[in-house]
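Peer 1: See query_0.txt below, with compact mmCIF, C-alpha atoms (C1' of nucleotides).
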```
# COMPACT_ATOMS: atom_id res chain seq x y z
CA MET A 1088 22.40 -19.56 10.05
CA GLU A 1089 22.27 -19.54 13.82
CA GLY A 1090 21.33 -16.17 15.24
CA LEU A 1091 20.67 -14.38 12.01
CA PRO A 1092 19.45 -10.79 12.19
CA ASP A 1093 16.30 -9.73 10.39
CA GLU A 1094 18.22 -8.06 7.61
CA ALA A 1095 20.10 -11.24 6.78
CA LEU A 1096 16.89 -13.25 6.66
CA LYS A 1097 15.45 -10.71 4.27
CA GLN A 1098 18.40 -11.01 1.95
CA ILE A 1099 18.35 -14.79 1.99
CA ALA A 1100 14.62 -14.72 1.32
CA ALA A 1101 15.15 -12.35 -1.59
CA TYR A 1102 17.78 -14.66 -3.03
CA PHE A 1103 15.43 -17.63 -2.81
CA GLN A 1104 12.70 -15.53 -4.34
CA ALA A 1105 14.86 -14.91 -7.39
CA LEU A 1106 14.87 -18.69 -7.84
CA SER A 1107 11.18 -19.16 -7.08
CA GLU A 1108 9.90 -18.58 -10.61
CA PRO A 1109 9.78 -21.28 -13.33
CA THR A 1110 10.65 -18.86 -16.11
CA ARG A 1111 13.78 -17.69 -14.30
CA LEU A 1112 14.82 -21.27 -13.63
CA GLN A 1113 14.30 -22.02 -17.30
CA ILE A 1114 16.54 -19.11 -18.19
CA LEU A 1115 19.25 -20.38 -15.85
CA ASN A 1116 18.82 -23.83 -17.32
CA LEU A 1117 19.25 -22.51 -20.86
CA LEU A 1118 22.32 -20.51 -19.85
CA ARG A 1119 23.87 -23.66 -18.48
CA GLU A 1120 24.77 -24.66 -22.02
CA LYS A 1121 26.08 -21.34 -23.28
CA GLU A 1122 25.58 -17.62 -23.13
CA ARG A 1123 22.57 -16.22 -24.99
CA ASN A 1124 21.05 -12.86 -25.81
CA VAL A 1125 17.66 -11.62 -24.74
CA GLY A 1126 15.90 -12.38 -28.02
CA GLU A 1127 17.08 -15.99 -28.07
CA LEU A 1128 16.00 -16.55 -24.50
CA ALA A 1129 12.64 -14.94 -25.18
CA GLN A 1130 12.03 -17.20 -28.14
CA LEU A 1131 13.15 -20.34 -26.31
CA CYS A 1132 11.00 -19.51 -23.30
CA GLY A 1133 8.01 -18.47 -25.35
CA TYR A 1134 7.65 -15.01 -23.80
CA THR A 1135 8.20 -11.44 -24.93
CA SER A 1136 11.66 -9.93 -24.81
CA ALA A 1137 10.36 -7.30 -22.42
CA ASN A 1138 9.39 -9.95 -19.93
CA ILE A 1139 12.63 -11.89 -20.22
CA SER A 1140 14.63 -8.70 -19.98
CA ARG A 1141 13.08 -7.94 -16.62
CA HIS A 1142 13.76 -11.44 -15.35
CA LEU A 1143 17.36 -11.07 -16.45
CA THR A 1144 17.67 -7.74 -14.66
CA LEU A 1145 16.50 -9.37 -11.46
CA LEU A 1146 18.87 -12.32 -11.86
CA THR A 1147 21.70 -9.89 -12.51
CA GLN A 1148 20.92 -7.92 -9.37
CA HIS A 1149 21.35 -11.08 -7.35
CA GLY A 1150 24.63 -11.90 -9.02
CA LEU A 1151 23.27 -15.02 -10.69
CA VAL A 1152 23.93 -13.97 -14.26
CA ALA A 1153 26.25 -11.43 -15.88
CA ARG A 1154 25.48 -9.12 -18.75
CA GLU A 1155 27.75 -8.25 -21.64
CA SER A 1156 26.76 -5.83 -24.34
CA ARG A 1157 28.03 -6.84 -27.77
CA GLY A 1158 26.85 -5.17 -30.93
CA ASN A 1159 23.34 -4.09 -30.28
CA SER A 1160 22.56 -7.24 -28.34
CA ALA A 1161 22.92 -8.03 -24.65
CA TYR A 1162 24.45 -11.41 -23.92
CA TYR A 1163 23.86 -13.05 -20.59
CA ARG A 1164 25.81 -15.86 -19.00
CA ILE A 1165 25.84 -17.65 -15.65
CA ALA A 1166 27.80 -15.67 -13.10
CA ASP A 1167 27.42 -18.00 -10.14
CA ALA A 1168 27.48 -21.69 -11.04
CA SER A 1169 26.60 -22.68 -7.50
CA VAL A 1170 22.95 -22.14 -8.44
CA TYR A 1171 23.05 -25.57 -9.97
CA GLN A 1172 24.23 -27.01 -6.68
CA LEU A 1173 21.23 -25.40 -5.04
CA CYS A 1174 18.91 -26.87 -7.64
CA ASP A 1175 20.46 -30.29 -7.26
CA LEU A 1176 19.92 -30.17 -3.52
CA VAL A 1177 16.33 -29.12 -4.01
CA CYS A 1178 15.75 -31.84 -6.58
CA GLY A 1179 17.00 -34.36 -4.05
CA ASN A 1180 14.69 -33.00 -1.40
CA ILE A 1181 11.71 -33.11 -3.72
CA ALA A 1182 12.56 -36.66 -4.70
CA ARG A 1183 12.75 -37.73 -1.05
CA GLN A 1184 9.48 -35.93 -0.44
CA HIS A 1185 7.87 -37.91 -3.26
CA ASP A 1186 9.28 -41.16 -1.91
CA ARG A 1187 7.81 -40.45 1.48
CA ALA A 1188 4.46 -39.58 -0.06
CA VAL A 1189 4.42 -42.77 -2.09
CA LYS A 1190 5.43 -44.95 0.86
CA GLY A 1191 2.87 -43.20 3.04
CA ARG A 1192 0.09 -43.92 0.58
CA ALA A 1193 1.34 -47.47 0.10
CA MET A 1194 0.21 -48.28 3.63
CA PHE A 1195 -3.38 -47.75 2.57
CA VAL A 1196 -3.30 -49.50 -0.76
CA GLY A 1197 -6.03 -52.09 -0.94
CA THR A 1198 -7.71 -50.94 2.24
CA GLY A 1199 -10.32 -48.98 0.37
CA ALA A 1200 -9.23 -45.86 2.22
CA VAL A 1201 -7.70 -44.36 -0.90
CA MET L 1099 19.16 -30.09 -13.98
CA GLU L 1100 19.96 -30.52 -17.63
CA GLY L 1101 16.86 -31.03 -19.76
CA LEU L 1102 14.28 -30.50 -17.07
CA PRO L 1103 10.62 -30.62 -18.13
CA ASP L 1104 8.28 -27.77 -17.28
CA GLU L 1105 6.67 -29.67 -14.44
CA ALA L 1106 10.01 -30.21 -12.70
CA LEU L 1107 10.87 -26.54 -12.99
CA LYS L 1108 7.53 -25.68 -11.43
CA GLN L 1109 8.17 -27.94 -8.49
CA ILE L 1110 11.65 -26.62 -7.92
CA ALA L 1111 10.32 -23.09 -8.12
CA ALA L 1112 7.60 -23.92 -5.60
CA TYR L 1113 10.21 -25.33 -3.24
CA PHE L 1114 12.31 -22.19 -3.48
CA GLN L 1115 9.20 -20.12 -2.99
CA ALA L 1116 8.58 -21.83 0.32
CA LEU L 1117 11.98 -20.48 1.38
CA SER L 1118 11.48 -17.03 -0.11
CA GLU L 1119 9.79 -15.46 2.89
CA PRO L 1120 11.63 -13.99 5.89
CA THR L 1121 9.03 -15.16 8.39
CA ARG L 1122 9.27 -18.74 7.17
CA LEU L 1123 13.06 -18.61 7.34
CA GLN L 1124 12.78 -17.26 10.86
CA ILE L 1125 10.55 -20.18 11.77
CA LEU L 1126 13.06 -22.65 10.34
CA ASN L 1127 15.80 -20.84 12.22
CA LEU L 1128 13.91 -21.10 15.50
CA LEU L 1129 13.19 -24.78 14.92
CA ARG L 1130 16.87 -25.39 14.46
CA GLU L 1131 17.29 -25.30 18.21
CA LYS L 1132 14.30 -27.43 19.20
CA GLU L 1133 10.73 -28.24 18.33
CA ARG L 1134 8.13 -25.61 19.22
CA ASN L 1135 4.39 -25.21 19.09
CA VAL L 1136 2.46 -22.64 17.09
CA GLY L 1137 1.91 -20.21 19.94
CA GLU L 1138 5.58 -20.09 20.87
CA LEU L 1139 6.59 -19.49 17.27
CA ALA L 1140 3.94 -16.80 16.89
CA GLN L 1141 5.20 -14.97 19.96
CA LEU L 1142 8.84 -15.28 18.96
CA CYS L 1143 8.11 -14.04 15.45
CA GLY L 1144 5.77 -11.29 16.54
CA TYR L 1145 2.81 -12.39 14.43
CA THR L 1146 -0.58 -13.91 15.07
CA SER L 1147 -0.91 -17.65 15.52
CA ALA L 1148 -3.19 -17.73 12.48
CA ASN L 1149 -0.45 -16.35 10.31
CA ILE L 1150 2.23 -18.65 11.65
CA SER L 1151 -0.07 -21.62 11.36
CA ARG L 1152 -0.49 -20.94 7.68
CA HIS L 1153 3.26 -20.63 7.17
CA LEU L 1154 3.72 -23.92 8.99
CA THR L 1155 1.14 -25.62 6.80
CA LEU L 1156 3.01 -24.53 3.72
CA LEU L 1157 6.36 -25.65 5.12
CA THR L 1158 4.79 -29.00 6.01
CA GLN L 1159 3.45 -29.46 2.50
CA HIS L 1160 6.97 -29.13 1.16
CA GLY L 1161 8.32 -31.60 3.66
CA LEU L 1162 10.44 -29.01 5.44
CA VAL L 1163 8.86 -29.40 8.86
CA ALA L 1164 6.83 -32.14 10.54
CA ARG L 1165 3.81 -31.73 12.75
CA GLU L 1166 3.00 -33.65 15.89
CA SER L 1167 -0.13 -33.09 17.89
CA ARG L 1168 0.45 -33.36 21.63
CA GLY L 1169 -2.17 -32.32 24.15
CA ASN L 1170 -4.07 -29.52 22.55
CA SER L 1171 -0.95 -28.08 20.98
CA ALA L 1172 0.70 -28.74 17.66
CA TYR L 1173 4.46 -29.16 17.84
CA TYR L 1174 6.56 -28.60 14.78
CA ARG L 1175 10.10 -29.73 14.15
CA ILE L 1176 12.52 -29.70 11.23
CA ALA L 1177 11.85 -32.61 8.90
CA ASP L 1178 14.57 -31.94 6.35
CA ALA L 1179 17.79 -30.63 7.82
CA SER L 1180 19.25 -30.06 4.37
CA VAL L 1181 17.45 -26.70 4.36
CA TYR L 1182 20.32 -25.40 6.40
CA GLN L 1183 22.75 -26.55 3.74
CA LEU L 1184 20.72 -24.57 1.23
CA CYS L 1185 20.80 -21.50 3.42
CA ASP L 1186 24.53 -21.85 3.99
CA LEU L 1187 25.11 -21.99 0.25
CA VAL L 1188 22.94 -18.93 -0.25
CA CYS L 1189 24.71 -17.07 2.52
CA GLY L 1190 28.00 -17.79 0.80
CA ASN L 1191 26.66 -16.52 -2.48
CA ILE L 1192 25.34 -13.35 -0.92
CA ALA L 1193 28.65 -12.77 0.81
CA ARG L 1194 30.54 -13.18 -2.47
CA GLN L 1195 28.05 -10.85 -4.09
CA HIS L 1196 28.76 -8.25 -1.42
CA ASP L 1197 32.48 -8.68 -1.83
CA ARG L 1198 32.19 -8.10 -5.53
CA ALA L 1199 30.06 -5.01 -4.95
CA VAL L 1200 32.56 -3.63 -2.46
CA LYS L 1201 35.54 -4.34 -4.67
CA GLY L 1202 33.70 -2.89 -7.62
CA ARG L 1203 33.01 0.31 -5.77
CA ALA L 1204 36.55 0.37 -4.41
CA MET L 1205 37.80 1.12 -7.91
CA PHE L 1206 36.05 4.47 -7.76
CA VAL L 1207 36.95 5.48 -4.23
CA GLY L 1208 38.58 8.87 -4.22
CA THR L 1209 37.74 9.56 -7.85
CA GLY L 1210 34.76 11.67 -6.94
CA ALA L 1211 32.56 9.32 -8.95
CA VAL L 1212 30.96 7.89 -5.81
C1' DG O 495 -22.62 -31.44 29.49
C1' DT O 496 -19.77 -26.35 29.87
C1' DA O 497 -15.59 -23.71 29.99
C1' DT O 498 -11.00 -22.92 28.53
C1' DT O 499 -7.05 -23.01 25.60
C1' DA O 500 -4.68 -23.98 21.08
C1' DT O 501 -4.88 -24.40 16.29
C1' DT O 502 -6.88 -24.01 11.89
C1' DT O 503 -9.75 -21.81 8.33
C1' DG O 504 -12.86 -18.23 5.88
C1' DC O 505 -12.86 -13.63 4.48
C1' DG O 506 -11.23 -9.14 3.18
C1' DC O 507 -7.52 -5.82 2.41
C1' DA O 508 -3.13 -3.97 0.83
C1' DA O 509 0.93 -4.94 -1.53
C1' DT O 510 3.51 -7.51 -4.80
C1' DT O 511 4.32 -9.69 -9.25
C1' DA O 512 4.39 -11.99 -13.91
C1' DG O 513 2.65 -10.92 -17.98
C1' DT O 514 1.20 -7.76 -21.94
C1' DT O 515 1.60 -3.55 -25.25
C1' DA O 516 3.68 0.61 -26.42
C1' DA O 517 7.13 4.06 -25.91
C1' DA O 518 12.00 5.18 -24.94
C1' DT O 519 16.83 4.10 -25.34
C1' DA O 520 21.09 2.25 -27.48
C1' DG O 521 23.87 0.43 -31.17
C1' DT O 522 24.76 -0.61 -36.24
C1' DC O 523 24.80 0.54 -40.96
C1' DA O 524 24.05 3.12 -45.10
C1' DT I 4 21.83 12.48 -40.85
C1' DG I 5 18.02 8.54 -40.89
C1' DA I 6 16.46 3.70 -41.01
C1' DC I 7 16.68 -0.52 -38.66
C1' DT I 8 17.25 -3.83 -34.92
C1' DA I 9 17.74 -5.10 -29.98
C1' DT I 10 16.98 -4.06 -25.32
C1' DT I 11 15.06 -1.65 -21.59
C1' DT I 12 11.44 0.89 -19.25
C1' DA I 13 6.61 2.78 -18.44
C1' DA I 14 1.90 1.85 -17.77
C1' DC I 15 -1.53 -1.29 -17.07
C1' DT I 16 -4.09 -5.78 -15.85
C1' DA I 17 -4.91 -10.12 -13.61
C1' DA I 18 -3.44 -13.14 -10.24
C1' DT I 19 -1.05 -14.13 -6.07
C1' DT I 20 0.28 -13.44 -1.27
C1' DG I 21 1.11 -11.99 3.61
C1' DC I 22 -1.45 -10.30 7.14
C1' DG I 23 -5.25 -9.57 10.80
C1' DC I 24 -9.85 -10.48 12.53
C1' DA I 25 -13.32 -13.53 13.58
C1' DA I 26 -15.46 -17.93 13.35
C1' DA I 27 -14.82 -22.92 13.39
C1' DT I 28 -12.50 -26.98 15.04
C1' DA I 29 -9.90 -29.93 18.44
C1' DA I 30 -8.33 -31.27 22.93
C1' DT I 31 -8.20 -30.87 27.77
C1' DA I 32 -10.26 -29.93 32.44
C1' DC I 33 -14.06 -29.26 35.37
```
How does the structure come out when it is put into structure tokens?
Peer 2:
Amino acid sequence: MEGLPDEALKQIAAYFQALSEPTRLQILNLLREKERNVGELAQLCGYTSANISRHLTLLTQHGLVARESRGNSAYYRIADASVYQLCDLVCGNIARQHDRAVKGRAMFVGTGAV
Amino acid sequence: MEGLPDEALKQIAAYFQALSEPTRLQILNLLREKERNVGELAQLCGYTSANISRHLTLLTQHGLVARESRGNSAYYRIADASVYQLCDLVCGNIARQHDRAVKGRAMFVGTGAV
DNA sequence: GTATTATTTGCGCAATTAGTTAAATAGTCA
DNA sequence: TGACTATTTAACTAATTGCGCAAATAATAC
């Protein structure tokens, strides 16, 4: 990621943006177990099928999930398992961030400053 | 990332969102080389200092960069180098995605379908 | 103190986005 | 064919966001 041109930055940003929405992460999380159709995902997420369908379209466009039409349903499955690696990394970063925050506040405990 | 609660998904999404903006990625890219102050970053990015300052605040809140006040300037540096790992992973995924797209289209080359 | 420079913040605007409902499309079955 | 179900798309709303301008804040120098 040294001297990346504008266009590359845009694409990377767009990829991150696909992952920047709790509902989409929930979908990816549910698909971790097994493939599911739109209706199932909608019910599990607690949103309308229309909404979930659009999220799935976006995830498909970024190559994160794959669509397979079977009967009159559309089944989606994970297409790029490395998403979970990304999430693991992020979880680690968030955890470290929390640790730092806690340790930072610990310095003031009992001083009346907090 | 198995049975993540809603709150965790929100935090992960927020972290990805911090990385979902080309200008912020450009900032991180520039800070890869060395620390810089707000004015420098603003000039290099081609935006106002106000705008860059806000991006830096957000990046700081997520623990991605660290701020150090020196003189009457504010110097920022990378606080969590694992961002670059994330970006490398994403770059790989995008590249694979492109490969697939190219190979997919290749099937139709010369058929008049494309 | 004032002047100067750097950064941050308040405000408004334009563009984007997640969500809804309703209509359009696609597939199955009688 | 028509009825039924599942998915996608259109249209709309409310909320968010990136940006610039201008004012406020902070730090240095005189």
Peer 1: Restricting the calculation to only C-alpha atoms (C1' of nucleotides): of L:Arg1122, L:Gln1109, L:Gly1169, L:Pro1103, which residue gets closest to DA32 (chain I)?
Peer 2: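 The answer is L:Gly1169, which sits nearest to DA32 (chain I).
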Peer 1: I need the residue nearest DA508 (chain O) from this list: I:DT11, I:DT16, I:DA6, I:DG21. Use all atoms listed in the file for the distance.
Peer 2: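 Counting all atoms listed in the file, the residue closest to DA508 (chain O) is I:DG21.
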Peer 1: Within 7 Å of region 1122-1133 of chain A, counting all atoms listed in the file, which residues show up once you throw out same-chain ones fewer than 2 positions away? Write them as a ChimeraX atom specification, please.
Peer 2: /A:1114,1118,1135-1136,1139-1140,1160-1164
Peer 1: Residues as selected, C-alpha atoms, written as a PDB file, in the frame of the given file, can you do that?
Peer 2:
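Okay, part.pdb is ready:
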```
ATOM      1  CA  ILE A1114      16.540 -19.110 -18.190  1.00  0.00           C
ATOM      2  CA  LEU A1118      22.320 -20.510 -19.850  1.00  0.00           C
ATOM      3  CA  THR A1135       8.200 -11.440 -24.930  1.00  0.00           C
ATOM      4  CA  SER A1136      11.660  -9.930 -24.810  1.00  0.00           C
ATOM      5  CA  ILE A1139      12.630 -11.890 -20.220  1.00  0.00           C
ATOM      6  CA  SER A1140      14.630  -8.700 -19.980  1.00  0.00           C
ATOM      7  CA  SER A1160      22.560  -7.240 -28.340  1.00  0.00           C
ATOM      8  CA  ALA A1161      22.920  -8.030 -24.650  1.00  0.00           C
ATOM      9  CA  TYR A1162      24.450 -11.410 -23.920  1.00  0.00           C
ATOM     10  CA  TYR A1163      23.860 -13.050 -20.590  1.00  0.00           C
ATOM     11  CA  ARG A1164      25.810 -15.860 -19.000  1.00  0.00           C
TER      12      ARG A1164
END
```
Peer 1: Would you give me, as CSV, each residue of chain L having an atom within 10 Å of an atom of chain I, along with its shortest atom pair and that distance in Å to one decimal, using all atoms listed in the file and sorting by chain and residue number?
Peer 2:
```
residue,atom,partner,partner_atom,distance
L:Glu1119,CA,I:DG21,C1',9.4
L:Thr1121,CA,I:DG21,C1',9.8
L:Tyr1145,CA,I:DC22,C1',8.7
L:Thr1146,CA,I:DG23,C1',7.7
L:Ala1148,CA,I:DG23,C1',8.6
L:Asn1149,CA,I:DC22,C1',6.9
L:Arg1152,CA,I:DG21,C1',10.0
L:His1153,CA,I:DG21,C1',9.6
L:Ser1167,CA,I:DA30,C1',9.8
L:Arg1168,CA,I:DA30,C1',9.1
L:Gly1169,CA,I:DA30,C1',6.4
L:Asn1170,CA,I:DA30,C1',4.6
L:Ser1171,CA,I:DA30,C1',8.3
```
Peer 1: Give chain A as a CSV table (one decimal) with C-alpha atoms, in the coordinates of the input once it has been least-squares superposed onto chain L over every C-alpha atom, paired in order.
Peer 2:
```csv
chain,number,residue,atom,x,y,z
A,1088,MET,CA,19.1,-30.0,-13.9
A,1089,GLU,CA,19.9,-30.5,-17.6
A,1090,GLY,CA,16.9,-31.0,-19.7
A,1091,LEU,CA,14.3,-30.5,-17.0
A,1092,PRO,CA,10.6,-30.6,-18.1
A,1093,ASP,CA,8.3,-27.7,-17.2
A,1094,GLU,CA,6.7,-29.6,-14.4
A,1095,ALA,CA,10.0,-30.1,-12.7
A,1096,LEU,CA,10.9,-26.5,-13.0
A,1097,LYS,CA,7.6,-25.6,-11.4
A,1098,GLN,CA,8.2,-27.9,-8.5
A,1099,ILE,CA,11.7,-26.6,-7.9
A,1100,ALA,CA,10.4,-23.0,-8.1
A,1101,ALA,CA,7.7,-23.8,-5.6
A,1102,TYR,CA,10.2,-25.3,-3.2
A,1103,PHE,CA,12.4,-22.1,-3.5
A,1104,GLN,CA,9.3,-20.1,-3.0
A,1105,ALA,CA,8.6,-21.8,0.4
A,1106,LEU,CA,12.0,-20.5,1.4
A,1107,SER,CA,11.6,-17.0,-0.1
A,1108,GLU,CA,9.8,-15.4,2.9
A,1109,PRO,CA,11.7,-14.0,6.0
A,1110,THR,CA,9.1,-15.1,8.4
A,1111,ARG,CA,9.3,-18.7,7.2
A,1112,LEU,CA,13.1,-18.6,7.4
A,1113,GLN,CA,12.8,-17.3,10.9
A,1114,ILE,CA,10.5,-20.2,11.8
A,1115,LEU,CA,13.0,-22.7,10.4
A,1116,ASN,CA,15.8,-20.9,12.3
A,1117,LEU,CA,13.9,-21.2,15.5
A,1118,LEU,CA,13.2,-24.8,14.9
A,1119,ARG,CA,16.8,-25.4,14.5
A,1120,GLU,CA,17.2,-25.4,18.2
A,1121,LYS,CA,14.2,-27.5,19.2
A,1122,GLU,CA,10.7,-28.3,18.3
A,1123,ARG,CA,8.1,-25.7,19.2
A,1124,ASN,CA,4.3,-25.2,19.1
A,1125,VAL,CA,2.4,-22.7,17.1
A,1126,GLY,CA,1.9,-20.3,20.0
A,1127,GLU,CA,5.5,-20.1,20.9
A,1128,LEU,CA,6.6,-19.5,17.3
A,1129,ALA,CA,3.9,-16.8,16.9
A,1130,GLN,CA,5.2,-15.0,20.0
A,1131,LEU,CA,8.8,-15.3,19.0
A,1132,CYS,CA,8.1,-14.1,15.5
A,1133,GLY,CA,5.8,-11.3,16.6
A,1134,TYR,CA,2.8,-12.4,14.5
A,1135,THR,CA,-0.6,-13.9,15.1
A,1136,SER,CA,-0.9,-17.7,15.5
A,1137,ALA,CA,-3.2,-17.7,12.5
A,1138,ASN,CA,-0.5,-16.3,10.3
A,1139,ILE,CA,2.2,-18.6,11.7
A,1140,SER,CA,-0.1,-21.6,11.4
A,1141,ARG,CA,-0.5,-21.0,7.7
A,1142,HIS,CA,3.3,-20.6,7.2
A,1143,LEU,CA,3.7,-23.9,9.0
A,1144,THR,CA,1.1,-25.6,6.8
A,1145,LEU,CA,3.0,-24.5,3.7
A,1146,LEU,CA,6.4,-25.6,5.1
A,1147,THR,CA,4.8,-29.0,6.0
A,1148,GLN,CA,3.5,-29.4,2.5
A,1149,HIS,CA,7.0,-29.1,1.1
A,1150,GLY,CA,8.3,-31.6,3.6
A,1151,LEU,CA,10.4,-29.0,5.4
A,1152,VAL,CA,8.8,-29.4,8.8
A,1153,ALA,CA,6.8,-32.1,10.5
A,1154,ARG,CA,3.8,-31.7,12.7
A,1155,GLU,CA,3.0,-33.7,15.8
A,1156,SER,CA,-0.2,-33.1,17.8
A,1157,ARG,CA,0.3,-33.4,21.6
A,1158,GLY,CA,-2.3,-32.4,24.1
A,1159,ASN,CA,-4.2,-29.6,22.5
A,1160,SER,CA,-1.0,-28.1,20.9
A,1161,ALA,CA,0.6,-28.8,17.6
A,1162,TYR,CA,4.4,-29.2,17.8
A,1163,TYR,CA,6.5,-28.6,14.8
A,1164,ARG,CA,10.1,-29.8,14.1
A,1165,ILE,CA,12.5,-29.7,11.2
A,1166,ALA,CA,11.8,-32.6,8.9
A,1167,ASP,CA,14.5,-32.0,6.3
A,1168,ALA,CA,17.8,-30.7,7.8
A,1169,SER,CA,19.2,-30.1,4.4
A,1170,VAL,CA,17.5,-26.7,4.4
A,1171,TYR,CA,20.3,-25.4,6.4
A,1172,GLN,CA,22.8,-26.6,3.8
A,1173,LEU,CA,20.8,-24.6,1.3
A,1174,CYS,CA,20.9,-21.5,3.5
A,1175,ASP,CA,24.6,-21.9,4.0
A,1176,LEU,CA,25.2,-22.0,0.3
A,1177,VAL,CA,23.0,-18.9,-0.2
A,1178,CYS,CA,24.8,-17.1,2.6
A,1179,GLY,CA,28.1,-17.8,0.8
A,1180,ASN,CA,26.7,-16.6,-2.4
A,1181,ILE,CA,25.4,-13.4,-0.9
A,1182,ALA,CA,28.7,-12.8,0.9
A,1183,ARG,CA,30.6,-13.2,-2.4
A,1184,GLN,CA,28.1,-10.9,-4.1
A,1185,HIS,CA,28.9,-8.3,-1.4
A,1186,ASP,CA,32.6,-8.7,-1.8
A,1187,ARG,CA,32.3,-8.1,-5.5
A,1188,ALA,CA,30.1,-5.1,-4.9
A,1189,VAL,CA,32.6,-3.6,-2.5
A,1190,LYS,CA,35.6,-4.3,-4.7
A,1191,GLY,CA,33.7,-2.9,-7.7
A,1192,ARG,CA,33.0,0.3,-5.8
A,1193,ALA,CA,36.6,0.4,-4.5
A,1194,MET,CA,37.8,1.2,-8.0
A,1195,PHE,CA,36.0,4.5,-7.9
A,1196,VAL,CA,36.9,5.6,-4.4
A,1197,GLY,CA,38.5,9.0,-4.4
A,1198,THR,CA,37.6,9.7,-8.0
A,1199,GLY,CA,34.6,11.7,-7.1
A,1200,ALA,CA,32.5,9.4,-9.2
A,1201,VAL,CA,30.8,8.0,-6.1
```
Peer 1: Once you count all atoms listed in the file, what closest atom pair and distance in Å to one decimal does each residue of chain O within 9 Å of chain A have, with rows by chain and rising residue number, as JSON lines?
Peer 2:
```
{"residue": "O:DA512", "atom": "C1'", "partner": "A:Asn1138", "partner_atom": "CA", "distance": 8.1}
{"residue": "O:DG513", "atom": "C1'", "partner": "A:Asn1138", "partner_atom": "CA", "distance": 7.1}
{"residue": "O:DT514", "atom": "C1'", "partner": "A:Thr1135", "partner_atom": "CA", "distance": 8.5}
{"residue": "O:DA520", "atom": "C1'", "partner": "A:Asn1159", "partner_atom": "CA", "distance": 7.3}
{"residue": "O:DG521", "atom": "C1'", "partner": "A:Asn1159", "partner_atom": "CA", "distance": 4.6}
{"residue": "O:DT522", "atom": "C1'", "partner": "A:Asn1159", "partner_atom": "CA", "distance": 7.0}
```
Peer 1: Counting all atoms listed in the file, collect the residues of chain A whose closest atom lies at most 8 Å from chain L, and write them out as a count of residues only.
Peer 2: 35
Peer 1: Work out how far C1' of DT499 (chain O) is from CA of Ala1177 (chain L), in Å to one decimal.
Peer 2: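 C1' of DT499 (chain O) lies at a distance of 27.0 Å from CA of Ala1177 (chain L).
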Peer 1: In Å to one decimal, how far is C1' of DA524 (chain O) from CA of Arg1154 (chain A)?
Peer 2: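 Taking CA of Arg1154 (chain A) as the start and C1' of DA524 (chain O) as the end point, the length is 29.1 Å.
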Peer 1: Distance CA of Lys1190 (chain A)-CA of Ile1176 (chain L), one decimal place?
Peer 2: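 According to the coordinates, CA of Lys1190 (chain A) and CA of Ile1176 (chain L) are separated by 19.8 Å.
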Peer 1: Using all atoms of region 4-19 of chain I listed in the file and a margin of 3 Å per side, can you give the axis-aligned box centre and edge lengths in Å to one decimal, as AutoDock Vina command-line options?
Peer 2:
```
--center_x 8.5 --center_y -0.8 --center_z -23.5 --size_x 32.7 --size_y 32.6 --size_z 40.9
```
Peer 1: Can I get N, CA and C atoms for region 1106-1117 of chain L, as a JSON list (two decimals), in the first residue's frame?
Peer 2:
```
[["chain", "number", "residue", "atom", "x", "y", "z"],
["L", 1106, "ALA", "N", -20.99, -5.92, 19.54],
["L", 1106, "ALA", "CA", -19.70, -6.21, 18.93],
["L", 1106, "ALA", "C", -19.74, -5.92, 17.44],
["L", 1107, "LEU", "N", -20.83, -6.34, 16.80],
["L", 1107, "LEU", "CA", -20.96, -6.10, 15.36],
["L", 1107, "LEU", "C", -20.93, -4.60, 15.07],
["L", 1108, "LYS", "N", -21.58, -3.84, 15.92],
["L", 1108, "LYS", "CA", -21.59, -2.39, 15.75],
["L", 1108, "LYS", "C", -20.19, -1.82, 15.82],
["L", 1109, "GLN", "N", -19.43, -2.30, 16.78],
["L", 1109, "GLN", "CA", -18.07, -1.78, 16.94],
["L", 1109, "GLN", "C", -17.19, -2.15, 15.77],
["L", 1110, "ILE", "N", -17.33, -3.39, 15.32],
["L", 1110, "ILE", "CA", -16.53, -3.81, 14.17],
["L", 1110, "ILE", "C", -16.91, -2.99, 12.95],
["L", 1111, "ALA", "N", -18.21, -2.79, 12.78],
["L", 1111, "ALA", "CA", -18.68, -1.98, 11.65],
["L", 1111, "ALA", "C", -18.12, -0.57, 11.73],
["L", 1112, "ALA", "N", -18.11, 0.00, 12.93],
["L", 1112, "ALA", "CA", -17.60, 1.36, 13.09],
["L", 1112, "ALA", "C", -16.12, 1.43, 12.74],
["L", 1113, "TYR", "N", -15.39, 0.37, 13.11],
["L", 1113, "TYR", "CA", -13.96, 0.34, 12.79],
["L", 1113, "TYR", "C", -13.77, 0.30, 11.27],
["L", 1114, "PHE", "N", -14.52, -0.57, 10.61],
["L", 1114, "PHE", "CA", -14.42, -0.63, 9.15],
["L", 1114, "PHE", "C", -14.83, 0.70, 8.53],
["L", 1115, "GLN", "N", -15.81, 1.34, 9.14],
["L", 1115, "GLN", "CA", -16.27, 2.60, 8.57],
["L", 1115, "GLN", "C", -15.16, 3.65, 8.60],
["L", 1116, "ALA", "N", -14.35, 3.60, 9.66],
["L", 1116, "ALA", "CA", -13.24, 4.55, 9.74],
["L", 1116, "ALA", "C", -12.31, 4.37, 8.55],
["L", 1117, "LEU", "N", -12.26, 3.16, 8.02],
["L", 1117, "LEU", "CA", -11.36, 2.87, 6.89],
["L", 1117, "LEU", "C", -12.07, 2.94, 5.54]]
```
